[in-house]
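This report concerns only the one structure given below.
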Amino acid sequence: FGREIIYEESLTSTQTIAHQLAQEGALDGTLVICEEQTEGRGRLMREWKSQKGKGIWMSIIMRPDVAPYQAPQFTLVAAVALTYAIFDVTGVSPAIKWPNDLLINGMKCTGILTEMQADPDRVNAIIMGIGINVNHQQEDFGEEIASIATSLRISLGKEIDRAALVAKILYYMEAFSKQYVAEGFEKIKTLWEKNSCTIGNRIKATTLRETFIGKAVGITKDGVLQLLLDDGTIKEIISADIELEK
Ligand code: BTN
């Protein structure tokens, strides 16, 4: 990955540009990366703050030979790849919070946004969006997210070399996604669960319609979260915001 690189000072969103390039035939592993995004976006169309020079704002165009139902598993592949990359560069191992956040000291430092272009039975491209708060100081986070967001620099007390981290991310993303396509999901699932702060804990999951409280007991091979409810039944959660319950 990263043999083709599009690097710009400022973009609306690396995700939007990567979608356009994918439609124009960009190669597997093409990287779109910038210093600042003016319209960075997160899951559920939320805004993603992407200040100039502070973080890593990147999208990778991937062309794995998989079916559309497998695309969500790449969020889990990316989470594992990112924990390895961040650990290699900083010595700190972030915890994975289902479905797509990495936390340090319980606060979010990284978000993953997986989107795809597909025919009914085949994926044409996965656009893997990665946002990492790297060199932010505490005051760089607006009031709204100050209590839930952190950066690698805040937790380590020193600046991080962003280029070294991007190189590691490309290496592990390529290695783990190839492993997943060749060998299936089992190994990724094991690594994901091992590094997760969700599994084994009592959590509250808020979906668009309802709230469920229970113990997170695992993920399925599709990346669906399994919640053991107090009545002993298992509820499968496809998409939700989750919080730890005390
Ligand atoms: C989330 O936590 O909701 C996902 C955040 C994903 C942010 C990244 S930054 C690079 C790429 N471009 C975007 O507009 N979003 C993703």
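Each chain of the structure tokens is named A, B, ... in the order shown, its residues numbered from 1; ligands are numbered from 1 in display order.
If one restricts the calculation to only C-alpha atoms and all ligand atoms, the set of residues situated within 7 Å of ligand 1 consists of Ser13, Thr14, Gln15, Thr16, Glu39, Gly40, Arg41, Gly42, Arg43, Arg46, Trp48, Ser50, Trp57, Met58, Ser59, Asn100, Asp101, Thr110, Gly111, Ile112, Leu113, Gly129, Ile130 and Gly131 of chain A.
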Query raised in the report: Can you tell me, as a list in words, what residues are no more than 8 Å from Val66 of chain A when counting only C-alpha atoms, ignoring any on the same chain fewer than 3 positions away?
Result: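 What passes the distance filter is Gln70, Ala71, Arg122, Val123 and Val181 of chain A.
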As a compact mmCIF listing (two decimals) with C-alpha atoms, in the first residue's frame, please: the residues near segment 204-215 of chain A (cut-off 10 Å, only C-alpha atoms, same-chain neighbours under 2 positions excluded).
# COMPACT_ATOMS: atom_id res chain seq x y z
CA THR A 198 -15.66 -3.64 24.94
CA ILE A 199 -15.70 -7.43 25.28
CA GLY A 200 -16.25 -8.70 28.81
CA ASN A 201 -17.76 -5.44 30.06
CA ARG A 202 -21.27 -4.34 30.90
CA VAL A 217 -19.66 -11.24 25.14
CA GLY A 218 -18.17 -11.27 21.65
CA LEU A 225 -21.63 -7.13 18.68
CA GLN A 226 -23.24 -9.80 20.88
CA LEU A 227 -24.83 -8.52 24.05
CA LEU A 228 -25.95 -10.86 26.83
CA LEU A 229 -29.08 -9.21 28.22
CA ASP A 230 -30.22 -9.60 31.83
CA ASP A 231 -32.99 -11.98 30.74
CA GLY A 232 -30.33 -14.37 29.45
CA THR A 233 -30.96 -13.80 25.75
CA ILE A 234 -28.35 -12.64 23.26
CA LYS A 235 -29.04 -9.42 21.36
CA ILE A 237 -26.16 -5.16 17.71
CA ILE A 238 -25.31 -4.13 14.16
CA SER A 239 -24.90 -0.40 14.70
CA ALA A 240 -25.00 1.65 17.91
CA ASP A 241 -23.15 4.06 20.14
CA ILE A 242 -21.89 2.31 23.24
CA GLU A 243 -20.88 3.40 26.72
CA LEU A 244 -19.44 1.41 29.59
CA GLU A 245 -22.01 0.87 32.35
CA LYS A 246 -20.80 1.20 35.92
Requested in this report: Based on DSSP run over this structure's backbone, return all residues of segment 43-240 of chain A in strand (DSSP E), as a VMD selection string.
Outcome: chain A and resid 55 to 62 95 to 97 101 to 104 107 to 118 123 to 133 202 to 206 211 to 219 225 to 229 234 to 237
Report task. May I ask which of the residues A:Glu159, A:Glu193, A:Glu36, A:Glu4 is the closest one to His136 of chain A, counting only C-alpha atoms? Result ->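 For His136 of chain A, the nearest of the candidates is A:Glu159.
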